[in-house]
$ cat start05.csv   # CSV, C-alpha atoms
chain,number,residue,atom,x,y,z
A,1,MET,CA,4.7,-4.5,22.0
A,2,TYR,CA,3.5,-5.5,18.6
A,3,GLU,CA,6.6,-7.3,17.4
A,4,ASN,CA,4.9,-10.6,16.3
A,5,ILE,CA,1.6,-9.0,15.3
A,6,GLY,CA,0.9,-7.8,11.7
A,7,THR,CA,-2.2,-6.8,9.9
A,8,ILE,CA,-3.5,-8.2,6.6
A,9,ILE,CA,-5.4,-5.6,4.7
A,10,LEU,CA,-7.7,-6.5,1.8
A,11,TYR,CA,-9.0,-3.6,-0.3
A,12,ARG,CA,-10.9,-2.9,-3.4
A,13,ILE,CA,-11.7,0.4,-5.2
A,14,LYS,CA,-15.4,0.6,-5.8
A,15,ALA,CA,-16.6,-0.2,-9.4
A,16,LYS,CA,-18.2,3.1,-10.0
A,17,THR,CA,-15.0,5.1,-9.3
A,18,THR,CA,-13.9,7.2,-12.3
A,19,LYS,CA,-10.8,6.3,-14.2
A,20,SER,CA,-9.0,9.5,-13.2
A,21,ASN,CA,-9.7,8.8,-9.5
A,22,THR,CA,-8.5,5.2,-9.9
A,23,GLU,CA,-5.3,6.4,-11.6
A,24,LYS,CA,-4.8,9.0,-8.8
A,25,PHE,CA,-5.2,6.3,-6.2
A,26,CYS,CA,-2.6,4.0,-7.9
A,27,ARG,CA,-0.1,6.8,-8.3
A,28,GLU,CA,-0.4,8.0,-4.7
A,29,PHE,CA,-0.5,4.4,-3.3
A,30,TYR,CA,2.1,2.6,-5.4
A,31,GLY,CA,4.2,5.4,-6.8
A,32,TYR,CA,5.0,6.0,-10.4
A,33,THR,CA,7.7,6.9,-13.0
A,34,ASP,CA,7.3,10.4,-14.3
A,35,LYS,CA,8.8,11.4,-17.7
A,36,SER,CA,9.3,14.9,-18.9
A,37,ASN,CA,10.6,16.5,-22.1
A,38,TYR,CA,9.7,13.4,-24.2
A,39,GLY,CA,11.4,11.0,-21.9
A,40,LYS,CA,14.6,13.0,-21.6
A,41,TYR,CA,14.2,13.3,-17.8
A,42,ILE,CA,12.9,10.4,-15.7
A,43,TYR,CA,11.8,10.8,-12.1
A,44,TYR,CA,10.4,8.2,-9.7
A,45,ARG,CA,7.6,9.7,-7.6
A,46,LYS,CA,7.2,7.8,-4.3
A,47,GLY,CA,3.8,6.5,-3.1
A,48,LEU,CA,2.6,5.6,0.3
A,49,LEU,CA,3.8,2.0,0.1
A,50,ASP,CA,7.4,3.2,-0.6
A,51,MET,CA,7.4,4.6,2.9
A,52,VAL,CA,5.6,1.8,4.7
A,53,PRO,CA,7.2,-1.7,5.0
A,54,HIS,CA,4.8,-4.1,3.5
A,55,ILE,CA,4.4,-7.5,1.8
A,56,LYS,CA,2.2,-7.5,-1.3
A,57,LEU,CA,0.5,-10.8,-1.6
A,58,ILE,CA,-1.7,-10.3,-4.6
A,59,ARG,CA,-3.6,-7.3,-6.1
A,60,GLY,CA,-5.6,-5.8,-3.3
A,61,ALA,CA,-3.9,-7.7,-0.4
A,62,ILE,CA,-1.0,-6.5,1.7
A,63,ILE,CA,0.5,-7.3,5.0
A,64,VAL,CA,1.8,-4.4,7.2
A,65,GLN,CA,3.1,-4.1,10.7
A,66,LYS,CA,0.5,-3.5,13.3
A,67,ASN,CA,1.8,0.1,14.0
A,68,ASP,CA,1.6,1.0,10.3
A,69,GLN,CA,-2.0,-0.1,9.6
A,70,LYS,CA,-3.5,3.2,10.5
A,71,LYS,CA,-1.6,5.1,7.8
A,72,VAL,CA,-2.7,2.6,5.1
A,73,ILE,CA,-6.3,2.4,6.2
A,74,THR,CA,-6.6,6.2,6.5
A,75,PHE,CA,-5.3,6.5,2.9
A,76,LEU,CA,-7.7,3.8,1.6
A,77,ARG,CA,-10.7,5.5,3.2
A,78,ARG,CA,-9.8,8.8,1.4
A,79,PHE,CA,-10.5,7.0,-1.8
A,80,ASN,CA,-13.7,5.3,-0.5
A,81,ALA,CA,-12.2,1.8,-0.9
A,82,GLU,CA,-13.9,-1.3,0.5
A,83,ILE,CA,-11.5,-2.5,3.3
A,84,HIS,CA,-11.3,-5.7,5.2
A,85,LYS,CA,-8.5,-6.2,7.8
A,86,ARG,CA,-7.5,-8.8,10.3
A,87,ASP,CA,-4.6,-9.0,12.8
A,88,MET,CA,-2.3,-12.0,12.3
A,89,ILE,CA,0.8,-13.5,13.8
A,90,LEU,CA,3.8,-12.9,11.7
A,91,THR,CA,6.1,-15.7,10.8
A,92,LYS,CA,9.9,-15.3,11.0
A,93,LYS,CA,10.0,-14.9,7.2
A,94,ASP,CA,7.3,-12.2,7.3
A,95,LYS,CA,9.1,-10.3,10.1
A,96,LYS,CA,12.3,-10.4,8.1
A,97,GLN,CA,10.7,-9.1,5.0
A,98,LEU,CA,9.0,-6.3,6.9
A,99,THR,CA,12.1,-5.1,8.7
A,100,ASN,CA,14.4,-5.3,5.6
A,101,LYS,CA,12.3,-2.7,3.7

$ encode --input "start05.csv" --output "structure tokens"
Amino acid sequence: MYENIGTIILYRIKAKTTKSNTEKFCREFYGYTDKSNYGKYIYYRKGLLDMVPHIKLIRGAIIVQKNDQKKVITFLRRFNAEIHKRDMILTKKDKKQLTNK
């Protein structure tokens, strides 16, 4: 149904957000590398974008498939982010990138 339709999501964390909330957002959204015992053990903790096929354009701008937009927007609203979204027609290159992830 939505095979050629994608959504571009532009987002920004509000300026008055605390540093700890911003760090929590980044960890939960992008994922992070966790080190324990002075770097002896290294683990990668997945974020939301590890589970959602996406194309990251620049900081604060991603393209997702139409059926995945709700997950991303719900997550961004949890952190009180400013969100702008528009539906768009995906090119062949975009579709290929989104299905390969």

$ residues_around --input "start05.csv" --residues "range 75-89 of chain A" --least-positions-apart "5" --cutoff "8 Å" --atoms "all atoms listed in the file" --output "list in words"
Asn4, Ile5, Gly6, Thr7, Ile8, Ile9, Leu10, Tyr11, Arg12, Ile13, Lys14, Asn21, Phe25 and Lys66 of chain A

$ atom_distance --input "start05.csv" --atom1 "CA of Lys71 in chain A" --atom2 "CA of Leu49 in chain A"
9.9 Å

$ closest_residue --input "start05.csv" --among "A:Glu28, A:Thr18, A:Ala61, A:Lys35" --to "Leu48 in chain A" --atoms "only C-alpha atoms"
A:Glu28

$ atom_distance --input "start05.csv" --atom1 "CA of Lys96 in chain A" --atom2 "CA of Lys56 in chain A"
14.1 Å

$ residues_near_point --input "start05.csv" --point "(2.4, -2.0, -1.2)" --cutoff "12 Å" --atoms "all atoms listed in the file" --output "ChimeraX atom specification"
/A:8-11,26-31,46-64,68-69,72,76,98,101

$ atom_distance --input "start05.csv" --atom1 "CA of Thr17 in chain A" --atom2 "CA of Tyr44 in chain A"
25.6 Å

$ closest_residue --input "start05.csv" --among "A:Thr22, A:Asn37, A:Gln65, A:Thr74" --to "Asp94 in chain A" --atoms "all atoms listed in the file"
A:Gln65

$ build_atoms --input "start05.csv" --residues "range 13-37 of chain A" --atoms "N, CA and C atoms" --output "CSV table (one decimal), in the frame of the given file"
chain,number,residue,atom,x,y,z
A,13,ILE,N,-11.1,-0.9,-4.8
A,13,ILE,CA,-11.7,0.4,-5.2
A,13,ILE,C,-13.1,0.1,-5.8
A,14,LYS,N,-14.1,0.9,-5.4
A,14,LYS,CA,-15.4,0.6,-5.8
A,14,LYS,C,-15.5,0.7,-7.3
A,15,ALA,N,-16.4,-0.1,-7.9
A,15,ALA,CA,-16.6,-0.2,-9.4
A,15,ALA,C,-17.0,1.1,-10.0
A,16,LYS,N,-17.7,1.9,-9.4
A,16,LYS,CA,-18.2,3.1,-10.0
A,16,LYS,C,-17.2,4.3,-9.9
A,17,THR,N,-16.0,4.0,-9.4
A,17,THR,CA,-15.0,5.1,-9.3
A,17,THR,C,-14.5,5.5,-10.7
A,18,THR,N,-14.3,6.7,-11.0
A,18,THR,CA,-13.9,7.2,-12.3
A,18,THR,C,-12.5,6.8,-12.6
A,19,LYS,N,-12.1,6.7,-13.8
A,19,LYS,CA,-10.8,6.3,-14.2
A,19,LYS,C,-9.8,7.2,-13.7
A,20,SER,N,-10.0,8.5,-13.7
A,20,SER,CA,-9.0,9.5,-13.2
A,20,SER,C,-8.8,9.3,-11.7
A,21,ASN,N,-9.9,9.0,-10.9
A,21,ASN,CA,-9.7,8.8,-9.5
A,21,ASN,C,-8.9,7.5,-9.2
A,22,THR,N,-9.2,6.5,-10.0
A,22,THR,CA,-8.5,5.2,-9.9
A,22,THR,C,-7.0,5.4,-10.2
A,23,GLU,N,-6.7,6.2,-11.2
A,23,GLU,CA,-5.3,6.4,-11.6
A,23,GLU,C,-4.6,7.2,-10.5
A,24,LYS,N,-5.3,8.2,-9.9
A,24,LYS,CA,-4.8,9.0,-8.8
A,24,LYS,C,-4.5,8.1,-7.6
A,25,PHE,N,-5.4,7.2,-7.3
A,25,PHE,CA,-5.2,6.3,-6.2
A,25,PHE,C,-3.9,5.5,-6.4
A,26,CYS,N,-3.8,4.9,-7.6
A,26,CYS,CA,-2.6,4.0,-7.9
A,26,CYS,C,-1.3,4.8,-7.8
A,27,ARG,N,-1.3,6.0,-8.3
A,27,ARG,CA,-0.1,6.8,-8.3
A,27,ARG,C,0.3,7.2,-6.8
A,28,GLU,N,-0.7,7.6,-6.0
A,28,GLU,CA,-0.4,8.0,-4.7
A,28,GLU,C,-0.1,6.8,-3.8
A,29,PHE,N,-0.6,5.6,-4.1
A,29,PHE,CA,-0.5,4.4,-3.3
A,29,PHE,C,0.8,3.6,-3.6
A,30,TYR,N,1.0,3.4,-4.9
A,30,TYR,CA,2.1,2.6,-5.4
A,30,TYR,C,3.3,3.4,-5.8
A,31,GLY,N,3.2,4.7,-6.2
A,31,GLY,CA,4.2,5.4,-6.8
A,31,GLY,C,4.2,5.3,-8.3
A,32,TYR,N,5.0,6.1,-9.0
A,32,TYR,CA,5.0,6.0,-10.4
A,32,TYR,C,6.3,6.7,-11.0
A,33,THR,N,6.6,6.3,-12.3
A,33,THR,CA,7.7,6.9,-13.0
A,33,THR,C,7.1,8.1,-13.8
A,34,ASP,N,7.7,9.2,-13.6
A,34,ASP,CA,7.3,10.4,-14.3
A,34,ASP,C,8.3,10.8,-15.4
A,35,LYS,N,7.9,11.0,-16.6
A,35,LYS,CA,8.8,11.4,-17.7
A,35,LYS,C,8.5,12.7,-18.2
A,36,SER,N,9.5,13.5,-18.4
A,36,SER,CA,9.3,14.9,-18.9
A,36,SER,C,10.2,15.1,-20.1
A,37,ASN,N,9.8,16.1,-20.9
A,37,ASN,CA,10.6,16.5,-22.1
A,37,ASN,C,10.8,15.3,-23.0
